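Chemist: Got a structure for you, written out below as structure tokens; questions coming shortly.
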Amino acid sequence: MDFEPPFQGTCKTLLQNPTHYHDKLSDVDECELPVIDLNNLNFGHTEREKIVSEVAQAASQWGFFQVVNHGVSQEVVNNMQYEQKRLFRQPFPKKVENNLLNLSANSYRWGNPEATCLKQFSWSEAFHISTTEIPTMRTEHKSLRSTIEAFVKTLSGLARSIAEILAQPLGIKPVYFEENCPARTMYQDQVGGLEIYKDGRWLGVKPNPEALIVNIGDFFEALSNGIYKSIKHRVVTSQKVERFSVAYFYCPSYDVVIKSCGKPALYRQFTLREYKQQTQIDVQEIGEKVGLSRFLL
């Protein structure tokens, strides 16, 4: 099909020599992430404290959790899925062109040319769209642009609420978390494929059509000084059906300093710019992201 990236050709050598890949991708137990109901968030102090406790426990024990009654309508999600499929089914040569959506260079990414083994190869494609670039998208993609705007508008409010909840047990002012802490909120379709590494084994995350998934991420672990956990995760590609997901990253500016709130600090302070530069170096040199361990004291 003309919309598919040339994965087979790119990883031909890796497929011929599939060594050093011992994870059993298909033989994992399924789990259900903790589910946090946000419906009663503004229904009084007692209800809010209950939600704060549930979120803090999930963030410290799992690093991932699901939220329901989150305020993102099913219509917004459905519209996003529809526009997403239309975009990815554009011919591959058009997607590679930076002027397809009038985005910055390297907004469209696929595979991993630096992979040295199958474990590192990314059998996926993605558009990385900054919120500042949405208004500049080409007029012929007006429907896609308005759909992304609606999605971002609701997700940004949800992200702020979650930041406030996570800040409370740590005694940090919510504004600090809002300005300095990236996290990822995502929706995965019913194909599934998301797996997390917990207690020494991989677990498949059971899809929940009513939930959004929140990933604590490296910055939250650094800010909380290890109280909240950023855990290893991956997505396993289905051989029979496509998987679609949409992720919203709630990020600080590139030069804001990320500093652990506890003492003694587990991590040295760093900026988002430093973190991304180190990740790029790791991917180029060893084929995969190393993450927060690079900043341990």
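Lettering and numbering for the structure tokens are positional, with chains as A, B, ... in the shown order, residues counted from 1 in each chain, and ligands counted from 1 in the shown order.
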Under the rule of at most 9 Å, produce a per-residue listing of segment 126-223 of chain A near segment 263-287 of chain A: chain, number, name, the closest pair of atoms, and the distance in Å, as a Markdown table, using only C-alpha atoms.

Modeler:
```
| residue | atom | partner | partner_atom | distance |
| --- | --- | --- | --- | --- |
| A:Phe219 | CA | A:Leu272 | CA | 8.8 |
| A:Ala222 | CA | A:Tyr267 | CA | 6.3 |
| A:Leu223 | CA | A:Tyr267 | CA | 8.8 |
```

Chemist: Assign secondary structure with DSSP using the backbone only, and return the residues of segment 175-296 of chain A in alpha helix (DSSP H) as a PDB file with N, CA, C and O atoms, in the first residue's frame.

Modeler:
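Output file selection-v3.pdb follows:
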```pdb
ATOM      1  N   VAL A 175       1.452  25.798  40.592  1.00  0.00           N
ATOM      2  CA  VAL A 175       1.968  26.566  39.468  1.00  0.00           C
ATOM      3  C   VAL A 175       3.350  26.070  39.062  1.00  0.00           C
ATOM      4  O   VAL A 175       3.713  26.094  37.886  1.00  0.00           O
ATOM      5  N   TYR A 176       4.138  25.568  40.043  1.00  0.00           N
ATOM      6  CA  TYR A 176       5.464  25.044  39.701  1.00  0.00           C
ATOM      7  C   TYR A 176       5.328  23.807  38.820  1.00  0.00           C
ATOM      8  O   TYR A 176       6.030  23.645  37.830  1.00  0.00           O
ATOM      9  N   PHE A 177       4.402  22.921  39.191  1.00  0.00           N
ATOM     10  CA  PHE A 177       4.185  21.729  38.392  1.00  0.00           C
ATOM     11  C   PHE A 177       3.656  22.100  37.016  1.00  0.00           C
ATOM     12  O   PHE A 177       4.049  21.528  36.012  1.00  0.00           O
ATOM     13  N   GLU A 178       2.729  23.053  36.953  1.00  0.00           N
ATOM     14  CA  GLU A 178       2.131  23.422  35.680  1.00  0.00           C
ATOM     15  C   GLU A 178       3.175  23.973  34.719  1.00  0.00           C
ATOM     16  O   GLU A 178       3.124  23.733  33.521  1.00  0.00           O
ATOM     17  N   GLU A 179       4.151  24.721  35.250  1.00  0.00           N
ATOM     18  CA  GLU A 179       5.125  25.367  34.389  1.00  0.00           C
ATOM     19  C   GLU A 179       6.336  24.486  34.106  1.00  0.00           C
ATOM     20  O   GLU A 179       7.066  24.723  33.149  1.00  0.00           O
ATOM     21  N   ASN A 180       6.569  23.472  34.927  1.00  0.00           N
ATOM     22  CA  ASN A 180       7.824  22.737  34.842  1.00  0.00           C
ATOM     23  C   ASN A 180       7.706  21.246  34.583  1.00  0.00           C
ATOM     24  O   ASN A 180       8.722  20.586  34.423  1.00  0.00           O
ATOM     25  N   GLY A 217       6.069   9.689  33.595  1.00  0.00           N
ATOM     26  CA  GLY A 217       7.227  10.140  32.848  1.00  0.00           C
ATOM     27  C   GLY A 217       8.424  10.515  33.706  1.00  0.00           C
ATOM     28  O   GLY A 217       8.342  10.653  34.928  1.00  0.00           O
ATOM     29  N   ASP A 218       9.558  10.718  33.047  1.00  0.00           N
ATOM     30  CA  ASP A 218      10.825  10.969  33.730  1.00  0.00           C
ATOM     31  C   ASP A 218      10.831  12.273  34.527  1.00  0.00           C
ATOM     32  O   ASP A 218      11.402  12.337  35.624  1.00  0.00           O
ATOM     33  N   PHE A 219      10.213  13.326  34.001  1.00  0.00           N
ATOM     34  CA  PHE A 219      10.297  14.605  34.693  1.00  0.00           C
ATOM     35  C   PHE A 219       9.535  14.602  36.007  1.00  0.00           C
ATOM     36  O   PHE A 219       9.952  15.213  36.985  1.00  0.00           O
ATOM     37  N   PHE A 220       8.399  13.935  36.043  1.00  0.00           N
ATOM     38  CA  PHE A 220       7.655  13.833  37.294  1.00  0.00           C
ATOM     39  C   PHE A 220       8.456  13.056  38.332  1.00  0.00           C
ATOM     40  O   PHE A 220       8.446  13.399  39.515  1.00  0.00           O
ATOM     41  N   GLU A 221       9.146  11.997  37.900  1.00  0.00           N
ATOM     42  CA  GLU A 221       9.963  11.254  38.860  1.00  0.00           C
ATOM     43  C   GLU A 221      11.094  12.129  39.391  1.00  0.00           C
ATOM     44  O   GLU A 221      11.391  12.117  40.589  1.00  0.00           O
ATOM     45  N   ALA A 222      11.718  12.896  38.507  1.00  0.00           N
ATOM     46  CA  ALA A 222      12.812  13.777  38.941  1.00  0.00           C
ATOM     47  C   ALA A 222      12.309  14.856  39.889  1.00  0.00           C
ATOM     48  O   ALA A 222      12.914  15.112  40.938  1.00  0.00           O
ATOM     49  N   LEU A 223      11.198  15.502  39.557  1.00  0.00           N
ATOM     50  CA  LEU A 223      10.652  16.558  40.398  1.00  0.00           C
ATOM     51  C   LEU A 223      10.239  16.042  41.773  1.00  0.00           C
ATOM     52  O   LEU A 223      10.437  16.704  42.782  1.00  0.00           O
ATOM     53  N   LEU A 272      14.778  20.663  29.893  1.00  0.00           N
ATOM     54  CA  LEU A 272      14.188  19.844  28.840  1.00  0.00           C
ATOM     55  C   LEU A 272      15.110  19.782  27.632  1.00  0.00           C
ATOM     56  O   LEU A 272      15.244  18.735  26.992  1.00  0.00           O
ATOM     57  N   ARG A 273      15.793  20.895  27.344  1.00  0.00           N
ATOM     58  CA  ARG A 273      16.730  20.918  26.218  1.00  0.00           C
ATOM     59  C   ARG A 273      17.855  19.895  26.429  1.00  0.00           C
ATOM     60  O   ARG A 273      18.185  19.125  25.519  1.00  0.00           O
ATOM     61  N   GLU A 274      18.436  19.886  27.635  1.00  0.00           N
ATOM     62  CA  GLU A 274      19.499  18.921  27.937  1.00  0.00           C
ATOM     63  C   GLU A 274      18.989  17.490  27.811  1.00  0.00           C
ATOM     64  O   GLU A 274      19.676  16.608  27.287  1.00  0.00           O
ATOM     65  N   TYR A 275      17.790  17.259  28.330  1.00  0.00           N
ATOM     66  CA  TYR A 275      17.211  15.918  28.312  1.00  0.00           C
ATOM     67  C   TYR A 275      17.022  15.429  26.878  1.00  0.00           C
ATOM     68  O   TYR A 275      17.384  14.292  26.543  1.00  0.00           O
ATOM     69  N   LYS A 276      16.472  16.266  26.019  1.00  0.00           N
ATOM     70  CA  LYS A 276      16.224  15.870  24.631  1.00  0.00           C
ATOM     71  C   LYS A 276      17.538  15.664  23.886  1.00  0.00           C
ATOM     72  O   LYS A 276      17.656  14.750  23.062  1.00  0.00           O
ATOM     73  N   GLN A 277      18.533  16.509  24.163  1.00  0.00           N
ATOM     74  CA  GLN A 277      19.831  16.346  23.517  1.00  0.00           C
ATOM     75  C   GLN A 277      20.485  15.033  23.925  1.00  0.00           C
ATOM     76  O   GLN A 277      21.060  14.329  23.085  1.00  0.00           O
ATOM     77  N   GLN A 278      20.398  14.679  25.216  1.00  0.00           N
ATOM     78  CA  GLN A 278      20.970  13.431  25.693  1.00  0.00           C
ATOM     79  C   GLN A 278      20.242  12.235  25.095  1.00  0.00           C
ATOM     80  O   GLN A 278      20.861  11.234  24.719  1.00  0.00           O
ATOM     81  N   THR A 279      18.926  12.334  24.988  1.00  0.00           N
ATOM     82  CA  THR A 279      18.146  11.251  24.376  1.00  0.00           C
ATOM     83  C   THR A 279      18.549  11.043  22.927  1.00  0.00           C
ATOM     84  O   THR A 279      18.700   9.902  22.464  1.00  0.00           O
ATOM     85  N   GLN A 280      18.753  12.142  22.198  1.00  0.00           N
ATOM     86  CA  GLN A 280      19.163  12.050  20.801  1.00  0.00           C
ATOM     87  C   GLN A 280      20.522  11.376  20.682  1.00  0.00           C
ATOM     88  O   GLN A 280      20.740  10.528  19.806  1.00  0.00           O
ATOM     89  N   ILE A 281      21.447  11.718  21.571  1.00  0.00           N
ATOM     90  CA  ILE A 281      22.772  11.098  21.564  1.00  0.00           C
ATOM     91  C   ILE A 281      22.656   9.599  21.826  1.00  0.00           C
ATOM     92  O   ILE A 281      23.289   8.777  21.147  1.00  0.00           O
ATOM     93  N   ASP A 282      21.857   9.226  22.825  1.00  0.00           N
ATOM     94  CA  ASP A 282      21.702   7.810  23.172  1.00  0.00           C
ATOM     95  C   ASP A 282      21.114   7.011  22.012  1.00  0.00           C
ATOM     96  O   ASP A 282      21.568   5.900  21.715  1.00  0.00           O
ATOM     97  N   VAL A 283      20.096   7.561  21.369  1.00  0.00           N
ATOM     98  CA  VAL A 283      19.462   6.865  20.242  1.00  0.00           C
ATOM     99  C   VAL A 283      20.456   6.680  19.102  1.00  0.00           C
ATOM    100  O   VAL A 283      20.510   5.616  18.472  1.00  0.00           O
ATOM    101  N   GLN A 284      21.267   7.695  18.840  1.00  0.00           N
ATOM    102  CA  GLN A 284      22.248   7.606  17.764  1.00  0.00           C
ATOM    103  C   GLN A 284      23.353   6.617  18.079  1.00  0.00           C
ATOM    104  O   GLN A 284      23.829   5.894  17.195  1.00  0.00           O
ATOM    105  N   GLU A 285      23.769   6.569  19.364  1.00  0.00           N
ATOM    106  CA  GLU A 285      24.921   5.728  19.732  1.00  0.00           C
ATOM    107  C   GLU A 285      24.557   4.294  20.049  1.00  0.00           C
ATOM    108  O   GLU A 285      25.305   3.375  19.719  1.00  0.00           O
ATOM    109  N   ILE A 286      23.407   4.081  20.722  1.00  0.00           N
ATOM    110  CA  ILE A 286      23.062   2.716  21.134  1.00  0.00           C
ATOM    111  C   ILE A 286      21.712   2.260  20.611  1.00  0.00           C
ATOM    112  O   ILE A 286      21.293   1.136  20.874  1.00  0.00           O
TER     113      ILE A 286
END
```

Chemist: Considering only C-alpha atoms, can you say which of A:Leu296, A:Leu144, A:Glu288, A:Ser230 comes closest to Cys117 of chain A?

Modeler: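 With only C-alpha atoms as the atom set, the closest residue is A:Glu288.
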
Chemist: Show which residues sit within 12 Å of segment 199-210 of chain A, as an mmCIF file with N, CA, C and O atoms, in the first residue's frame. Count only C-alpha atoms, and ignore same-chain residues fewer than 3 positions away.

Modeler:
```
data_model
loop_
_atom_site.group_PDB
_atom_site.id
_atom_site.type_symbol
_atom_site.label_atom_id
_atom_site.label_comp_id
_atom_site.auth_asym_id
_atom_site.auth_seq_id
_atom_site.Cartn_x
_atom_site.Cartn_y
_atom_site.Cartn_z
ATOM 1 N N ASP A 23 12.959 -11.137 24.450
ATOM 2 C CA ASP A 23 11.661 -10.860 25.052
ATOM 3 C C ASP A 23 10.561 -11.581 24.288
ATOM 4 O O ASP A 23 10.534 -11.597 23.064
ATOM 5 N N LYS A 24 9.642 -12.188 25.012
ATOM 6 C CA LYS A 24 8.493 -12.823 24.379
ATOM 7 C C LYS A 24 7.384 -11.791 24.242
ATOM 8 O O LYS A 24 6.661 -11.488 25.184
ATOM 9 N N LEU A 25 7.265 -11.260 23.034
ATOM 10 C CA LEU A 25 6.354 -10.153 22.829
ATOM 11 C C LEU A 25 4.891 -10.554 22.898
ATOM 12 O O LEU A 25 4.034 -9.740 23.176
ATOM 13 N N SER A 26 4.579 -11.809 22.609
ATOM 14 C CA SER A 26 3.183 -12.210 22.528
ATOM 15 C C SER A 26 2.685 -12.934 23.777
ATOM 16 O O SER A 26 1.496 -13.146 23.932
ATOM 17 N N ASP A 27 3.589 -13.315 24.656
ATOM 18 C CA ASP A 27 3.217 -14.122 25.813
ATOM 19 C C ASP A 27 3.332 -13.288 27.084
ATOM 20 O O ASP A 27 4.268 -13.442 27.868
ATOM 21 N N VAL A 28 2.381 -12.372 27.284
ATOM 22 C CA VAL A 28 2.388 -11.533 28.480
ATOM 23 C C VAL A 28 1.007 -11.569 29.114
ATOM 24 O O VAL A 28 -0.004 -11.744 28.446
ATOM 25 N N ASP A 29 0.978 -11.403 30.433
ATOM 26 C CA ASP A 29 -0.298 -11.309 31.133
ATOM 27 C C ASP A 29 -0.895 -9.922 30.924
ATOM 28 O O ASP A 29 -0.180 -8.938 30.762
ATOM 29 N N GLU A 30 -2.213 -9.862 30.945
ATOM 30 C CA GLU A 30 -2.902 -8.586 30.775
ATOM 31 C C GLU A 30 -3.214 -7.992 32.139
ATOM 32 O O GLU A 30 -3.524 -8.703 33.101
ATOM 33 N N CYS A 31 -3.118 -6.675 32.252
ATOM 34 C CA CYS A 31 -3.434 -6.002 33.499
ATOM 35 C C CYS A 31 -4.353 -4.820 33.213
ATOM 36 O O CYS A 31 -4.444 -4.339 32.083
ATOM 37 N N GLU A 32 -5.027 -4.362 34.250
ATOM 38 C CA GLU A 32 -5.837 -3.154 34.148
ATOM 39 C C GLU A 32 -5.209 -2.101 35.044
ATOM 40 O O GLU A 32 -5.043 -2.302 36.241
ATOM 41 N N LEU A 33 -4.844 -1.000 34.449
ATOM 42 C CA LEU A 33 -4.224 0.073 35.220
ATOM 43 C C LEU A 33 -5.208 0.629 36.243
ATOM 44 O O LEU A 33 -6.424 0.536 36.056
ATOM 45 N N PRO A 34 -4.706 1.218 37.344
ATOM 46 C CA PRO A 34 -5.611 1.872 38.296
ATOM 47 C C PRO A 34 -6.501 2.882 37.577
ATOM 48 O O PRO A 34 -6.032 3.628 36.717
ATOM 49 N N VAL A 35 -7.777 2.871 37.935
ATOM 50 C CA VAL A 35 -8.749 3.764 37.303
ATOM 51 C C VAL A 35 -9.144 4.848 38.304
ATOM 52 O O VAL A 35 -9.616 4.553 39.402
ATOM 53 N N ILE A 36 -8.946 6.106 37.923
ATOM 54 C CA ILE A 36 -9.289 7.243 38.774
ATOM 55 C C ILE A 36 -10.510 7.944 38.188
ATOM 56 O O ILE A 36 -10.479 8.390 37.037
ATOM 57 N N ASP A 37 -11.566 8.015 38.959
ATOM 58 C CA ASP A 37 -12.794 8.690 38.522
ATOM 59 C C ASP A 37 -12.716 10.153 38.943
ATOM 60 O O ASP A 37 -12.719 10.470 40.130
ATOM 61 N N GLN A 61 3.232 3.714 42.623
ATOM 62 C CA GLN A 61 3.300 2.253 42.504
ATOM 63 C C GLN A 61 3.315 1.768 41.052
ATOM 64 O O GLN A 61 3.897 0.720 40.751
ATOM 65 N N TRP A 62 2.660 2.502 40.164
ATOM 66 C CA TRP A 62 2.528 2.065 38.782
ATOM 67 C C TRP A 62 3.231 2.981 37.776
ATOM 68 O O TRP A 62 3.740 2.507 36.769
ATOM 69 N N PHE A 64 1.743 4.738 35.849
ATOM 70 C CA PHE A 64 0.669 4.918 34.867
ATOM 71 C C PHE A 64 -0.659 4.820 35.608
ATOM 72 O O PHE A 64 -0.774 4.098 36.598
ATOM 73 N N PHE A 65 -1.669 5.515 35.114
ATOM 74 C CA PHE A 65 -3.024 5.288 35.599
ATOM 75 C C PHE A 65 -4.009 5.761 34.539
ATOM 76 O O PHE A 65 -3.633 6.437 33.571
ATOM 77 N N GLN A 66 -5.252 5.363 34.700
ATOM 78 C CA GLN A 66 -6.301 5.760 33.785
ATOM 79 C C GLN A 66 -7.240 6.742 34.472
ATOM 80 O O GLN A 66 -7.457 6.646 35.683
ATOM 81 N N VAL A 67 -7.799 7.663 33.698
ATOM 82 C CA VAL A 67 -8.805 8.578 34.244
ATOM 83 C C VAL A 67 -10.088 8.451 33.436
ATOM 84 O O VAL A 67 -10.062 8.356 32.203
ATOM 85 N N VAL A 68 -11.217 8.405 34.145
ATOM 86 C CA VAL A 68 -12.536 8.400 33.512
ATOM 87 C C VAL A 68 -13.314 9.615 34.004
ATOM 88 O O VAL A 68 -12.935 10.252 34.981
ATOM 89 N N ASN A 69 -14.390 9.932 33.310
ATOM 90 C CA ASN A 69 -15.127 11.179 33.587
ATOM 91 C C ASN A 69 -14.148 12.353 33.563
ATOM 92 O O ASN A 69 -14.132 13.199 34.460
ATOM 93 N N HIS A 70 -13.336 12.373 32.525
ATOM 94 C CA HIS A 70 -12.227 13.315 32.401
ATOM 95 C C HIS A 70 -12.586 14.605 31.672
ATOM 96 O O HIS A 70 -11.761 15.520 31.604
ATOM 97 N N GLY A 71 -13.766 14.675 31.112
ATOM 98 C CA GLY A 71 -14.189 15.898 30.453
ATOM 99 C C GLY A 71 -13.895 15.972 28.971
ATOM 100 O O GLY A 71 -14.268 16.952 28.313
ATOM 101 N N VAL A 72 -13.220 14.954 28.425
ATOM 102 C CA VAL A 72 -12.964 14.908 26.978
ATOM 103 C C VAL A 72 -14.084 14.084 26.346
ATOM 104 O O VAL A 72 -14.194 12.885 26.599
ATOM 105 N N SER A 73 -14.916 14.723 25.555
ATOM 106 C CA SER A 73 -16.093 14.053 25.025
ATOM 107 C C SER A 73 -15.722 12.963 24.028
ATOM 108 O O SER A 73 -14.673 13.018 23.376
ATOM 109 N N GLN A 74 -16.601 11.994 23.899
ATOM 110 C CA GLN A 74 -16.385 10.917 22.932
ATOM 111 C C GLN A 74 -16.386 11.462 21.511
ATOM 112 O O GLN A 74 -15.698 10.946 20.622
ATOM 113 N N GLU A 75 -17.142 12.525 21.299
ATOM 114 C CA GLU A 75 -17.166 13.153 19.969
ATOM 115 C C GLU A 75 -15.788 13.682 19.588
ATOM 116 O O GLU A 75 -15.334 13.499 18.451
ATOM 117 N N VAL A 77 -12.891 12.620 20.736
ATOM 118 C CA VAL A 77 -12.029 11.458 20.519
ATOM 119 C C VAL A 77 -12.312 10.827 19.164
ATOM 120 O O VAL A 77 -11.383 10.510 18.404
ATOM 121 N N ASN A 78 -13.585 10.638 18.835
ATOM 122 C CA ASN A 78 -13.955 10.028 17.555
ATOM 123 C C ASN A 78 -13.486 10.867 16.376
ATOM 124 O O ASN A 78 -12.991 10.335 15.369
ATOM 125 N N MET A 186 -2.787 10.061 27.011
ATOM 126 C CA MET A 186 -2.994 9.449 25.711
ATOM 127 C C MET A 186 -4.272 8.625 25.655
ATOM 128 O O MET A 186 -4.815 8.210 26.684
ATOM 129 N N TYR A 187 -4.727 8.431 24.431
ATOM 130 C CA TYR A 187 -5.852 7.533 24.163
ATOM 131 C C TYR A 187 -5.349 6.456 23.219
ATOM 132 O O TYR A 187 -4.735 6.754 22.195
ATOM 133 N N GLN A 188 -5.561 5.198 23.574
ATOM 134 C CA GLN A 188 -5.228 4.107 22.661
ATOM 135 C C GLN A 188 -6.511 3.421 22.232
ATOM 136 O O GLN A 188 -7.459 3.306 23.013
ATOM 137 N N ASP A 189 -6.549 2.984 20.972
ATOM 138 C CA ASP A 189 -7.758 2.334 20.478
ATOM 139 C C ASP A 189 -7.886 0.931 21.067
ATOM 140 O O ASP A 189 -7.070 0.496 21.878
ATOM 141 N N GLN A 190 -8.900 0.215 20.656
ATOM 142 C CA GLN A 190 -9.202 -1.088 21.251
ATOM 143 C C GLN A 190 -8.303 -2.216 20.753
ATOM 144 O O GLN A 190 -8.419 -3.364 21.193
ATOM 145 N N VAL A 191 -7.402 -1.899 19.831
ATOM 146 C CA VAL A 191 -6.405 -2.885 19.405
ATOM 147 C C VAL A 191 -5.439 -3.182 20.548
ATOM 148 O O VAL A 191 -4.946 -4.287 20.711
ATOM 149 N N GLY A 192 -5.186 -2.165 21.379
ATOM 150 C CA GLY A 192 -4.258 -2.344 22.492
ATOM 151 C C GLY A 192 -2.818 -2.349 22.008
ATOM 152 O O GLY A 192 -2.484 -1.784 20.975
ATOM 153 N N GLY A 193 -1.953 -3.000 22.773
ATOM 154 C CA GLY A 193 -0.543 -3.079 22.405
ATOM 155 C C GLY A 193 0.392 -2.416 23.392
ATOM 156 O O GLY A 193 1.590 -2.706 23.417
ATOM 157 N N LEU A 194 -0.134 -1.511 24.239
ATOM 158 C CA LEU A 194 0.704 -0.880 25.253
ATOM 159 C C LEU A 194 1.073 -1.899 26.325
ATOM 160 O O LEU A 194 0.203 -2.597 26.845
ATOM 161 N N GLU A 195 2.357 -1.984 26.653
ATOM 162 C CA GLU A 195 2.835 -2.869 27.703
ATOM 163 C C GLU A 195 3.727 -2.097 28.672
ATOM 164 O O GLU A 195 4.478 -1.209 28.260
ATOM 165 N N ILE A 196 3.629 -2.426 29.943
ATOM 166 C CA ILE A 196 4.465 -1.792 30.964
ATOM 167 C C ILE A 196 5.296 -2.864 31.662
ATOM 168 O O ILE A 196 4.900 -4.033 31.730
ATOM 169 N N ILE A 213 -5.202 7.470 29.333
ATOM 170 C CA ILE A 213 -4.075 6.952 30.093
ATOM 171 C C ILE A 213 -3.102 8.076 30.400
ATOM 172 O O ILE A 213 -2.752 8.865 29.516
ATOM 173 N N ILE A 231 8.157 4.353 34.661
ATOM 174 C CA ILE A 231 8.497 2.955 34.420
ATOM 175 C C ILE A 231 8.645 2.663 32.928
ATOM 176 O O ILE A 231 8.078 3.358 32.082
ATOM 177 N N LYS A 232 9.419 1.628 32.652
ATOM 178 C CA LYS A 232 9.674 1.231 31.279
ATOM 179 C C LYS A 232 8.367 0.776 30.620
ATOM 180 O O LYS A 232 7.555 0.083 31.230
ATOM 181 N N HIS A 233 8.179 1.157 29.388
ATOM 182 C CA HIS A 233 6.985 0.739 28.651
ATOM 183 C C HIS A 233 7.303 0.633 27.166
ATOM 184 O O HIS A 233 8.323 1.135 26.691
ATOM 185 N N ARG A 234 6.443 -0.035 26.453
ATOM 186 C CA ARG A 234 6.633 -0.231 25.025
ATOM 187 C C ARG A 234 5.277 -0.476 24.376
ATOM 188 O O ARG A 234 4.270 -0.695 25.062
ATOM 189 N N VAL A 235 5.259 -0.449 23.064
ATOM 190 C CA VAL A 235 4.055 -0.799 22.321
ATOM 191 C C VAL A 235 4.394 -1.930 21.367
ATOM 192 O O VAL A 235 5.366 -1.837 20.604
ATOM 193 N N VAL A 236 3.625 -2.997 21.428
ATOM 194 C CA VAL A 236 3.835 -4.155 20.568
ATOM 195 C C VAL A 236 2.890 -4.055 19.377
ATOM 196 O O VAL A 236 1.681 -3.890 19.538
ATOM 197 N N ARG A 243 -2.794 -0.177 14.709
ATOM 198 C CA ARG A 243 -3.080 0.417 16.010
ATOM 199 C C ARG A 243 -2.912 1.926 15.904
ATOM 200 O O ARG A 243 -1.913 2.400 15.357
ATOM 201 N N SER A 245 -3.081 5.645 18.162
ATOM 202 C CA SER A 245 -3.151 6.292 19.463
ATOM 203 C C SER A 245 -2.864 7.780 19.285
ATOM 204 O O SER A 245 -2.239 8.185 18.300
#
```

Chemist: For Glu149 of chain A, work out the shell of residues within 9 Å, counting only C-alpha atoms and skipping chain neighbours fewer than 3 positions away, then give it as a VMD selection string.

Modeler: chain A and resid 131 134 to 135 144 to 146 152 to 154

Chemist: Using the chain letters and numbers from this document, which residues of segment 64-270 of chain A does DSSP assign to strand (DSSP E or B), as a CSV table (one decimal) with C-alpha atoms, in the first residue's frame?

Modeler:
```csv
chain,number,residue,atom,x,y,z
A,64,PHE,CA,0.7,4.9,34.9
A,65,PHE,CA,-3.0,5.3,35.6
A,66,GLN,CA,-6.3,5.8,33.8
A,67,VAL,CA,-8.8,8.6,34.2
A,68,VAL,CA,-12.5,8.4,33.5
A,108,TYR,CA,6.9,13.2,10.6
A,109,ARG,CA,8.9,10.3,11.9
A,110,TRP,CA,8.9,6.6,11.2
A,125,GLU,CA,5.0,6.2,12.3
A,126,ALA,CA,4.0,9.5,14.0
A,127,PHE,CA,3.4,13.2,13.5
A,183,ALA,CA,3.5,14.4,31.4
A,184,ARG,CA,1.7,12.4,28.7
A,185,THR,CA,-2.0,11.8,28.4
A,186,MET,CA,-3.0,9.4,25.7
A,187,TYR,CA,-5.9,7.5,24.2
A,188,GLN,CA,-5.2,4.1,22.7
A,194,LEU,CA,0.7,-0.9,25.3
A,195,GLU,CA,2.8,-2.9,27.7
A,196,ILE,CA,4.5,-1.8,31.0
A,197,TYR,CA,7.3,-3.4,32.8
A,198,LYS,CA,6.4,-3.9,36.5
A,201,ARG,CA,7.8,-8.7,33.9
A,202,TRP,CA,6.0,-7.2,31.0
A,203,LEU,CA,2.2,-6.7,31.4
A,204,GLY,CA,-0.2,-5.8,28.6
A,205,VAL,CA,-2.5,-2.9,29.4
A,212,LEU,CA,-7.5,8.2,29.0
A,213,ILE,CA,-4.1,7.0,30.1
A,214,VAL,CA,-1.7,9.2,32.1
A,215,ASN,CA,2.0,8.4,32.0
A,233,HIS,CA,7.0,0.7,28.7
A,234,ARG,CA,6.6,-0.2,25.0
A,235,VAL,CA,4.1,-0.8,22.3
A,245,SER,CA,-3.2,6.3,19.5
A,246,VAL,CA,-3.1,10.0,20.2
A,247,ALA,CA,-0.8,11.5,22.9
A,248,TYR,CA,-0.8,14.9,24.4
A,249,PHE,CA,2.5,16.1,26.0
A,250,TYR,CA,2.2,18.7,28.7
A,257,VAL,CA,15.3,24.0,35.1
A,258,ILE,CA,13.9,20.7,36.5
A,267,TYR,CA,19.0,13.6,40.3
A,270,PHE,CA,18.6,19.7,34.1
```

Chemist: One decimal, Å: what's the distance from atom CA of Thr46 of chain A over to atom CA of Leu170 of chain A, could you say?

Modeler: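 Here the two named atoms are 18.4 Å from each other.
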
Chemist: Under the rule that only C-alpha atoms are counted, which of A:Leu100, A:Ala159, A:Glu83, A:Ile148 is the nearest residue to Cys251 of chain A?

Modeler: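 Looking only at the distances to Cys251 of chain A, the closest residue turns out to be A:Ala159.
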
Chemist: Near Gly111 of chain A, within 7 Å and counting only C-alpha atoms, which residues show up once chain neighbours fewer than 2 positions away are dropped, as a list in words?

Modeler: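 The neighbour list is Phe7, Pro113, Phe121, Ser122, Trp123, Ser124 and Glu125 of chain A.
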
Chemist: Can you spit out the residues from that selection as a PDB file, in the first residue's frame, using N, CA and C atoms?

Modeler:
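Output below, filename result_11.pdb:
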```
ATOM      1  N   PHE A   7       9.115  -0.180   5.861  1.00  0.00           N
ATOM      2  CA  PHE A   7       9.734  -0.842   7.008  1.00  0.00           C
ATOM      3  C   PHE A   7      10.568  -2.053   6.602  1.00  0.00           C
ATOM      4  N   PRO A 113      16.346   4.537  12.096  1.00  0.00           N
ATOM      5  CA  PRO A 113      17.504   4.181  11.265  1.00  0.00           C
ATOM      6  C   PRO A 113      18.751   3.832  12.068  1.00  0.00           C
ATOM      7  N   PHE A 121      14.196  -1.471  16.942  1.00  0.00           N
ATOM      8  CA  PHE A 121      13.502  -0.946  15.764  1.00  0.00           C
ATOM      9  C   PHE A 121      12.077  -0.536  16.108  1.00  0.00           C
ATOM     10  N   SER A 122      11.701   0.653  15.679  1.00  0.00           N
ATOM     11  CA  SER A 122      10.363   1.187  15.949  1.00  0.00           C
ATOM     12  C   SER A 122       9.477   0.971  14.734  1.00  0.00           C
ATOM     13  N   TRP A 123       8.558   0.014  14.833  1.00  0.00           N
ATOM     14  CA  TRP A 123       7.657  -0.318  13.730  1.00  0.00           C
ATOM     15  C   TRP A 123       6.435   0.602  13.827  1.00  0.00           C
ATOM     16  N   SER A 124       6.680   1.888  13.642  1.00  0.00           N
ATOM     17  CA  SER A 124       5.599   2.854  13.822  1.00  0.00           C
ATOM     18  C   SER A 124       5.880   4.111  13.009  1.00  0.00           C
ATOM     19  N   GLU A 125       4.875   4.926  12.864  1.00  0.00           N
ATOM     20  CA  GLU A 125       5.030   6.248  12.260  1.00  0.00           C
ATOM     21  C   GLU A 125       4.216   7.234  13.089  1.00  0.00           C
TER      22      GLU A 125
END
```
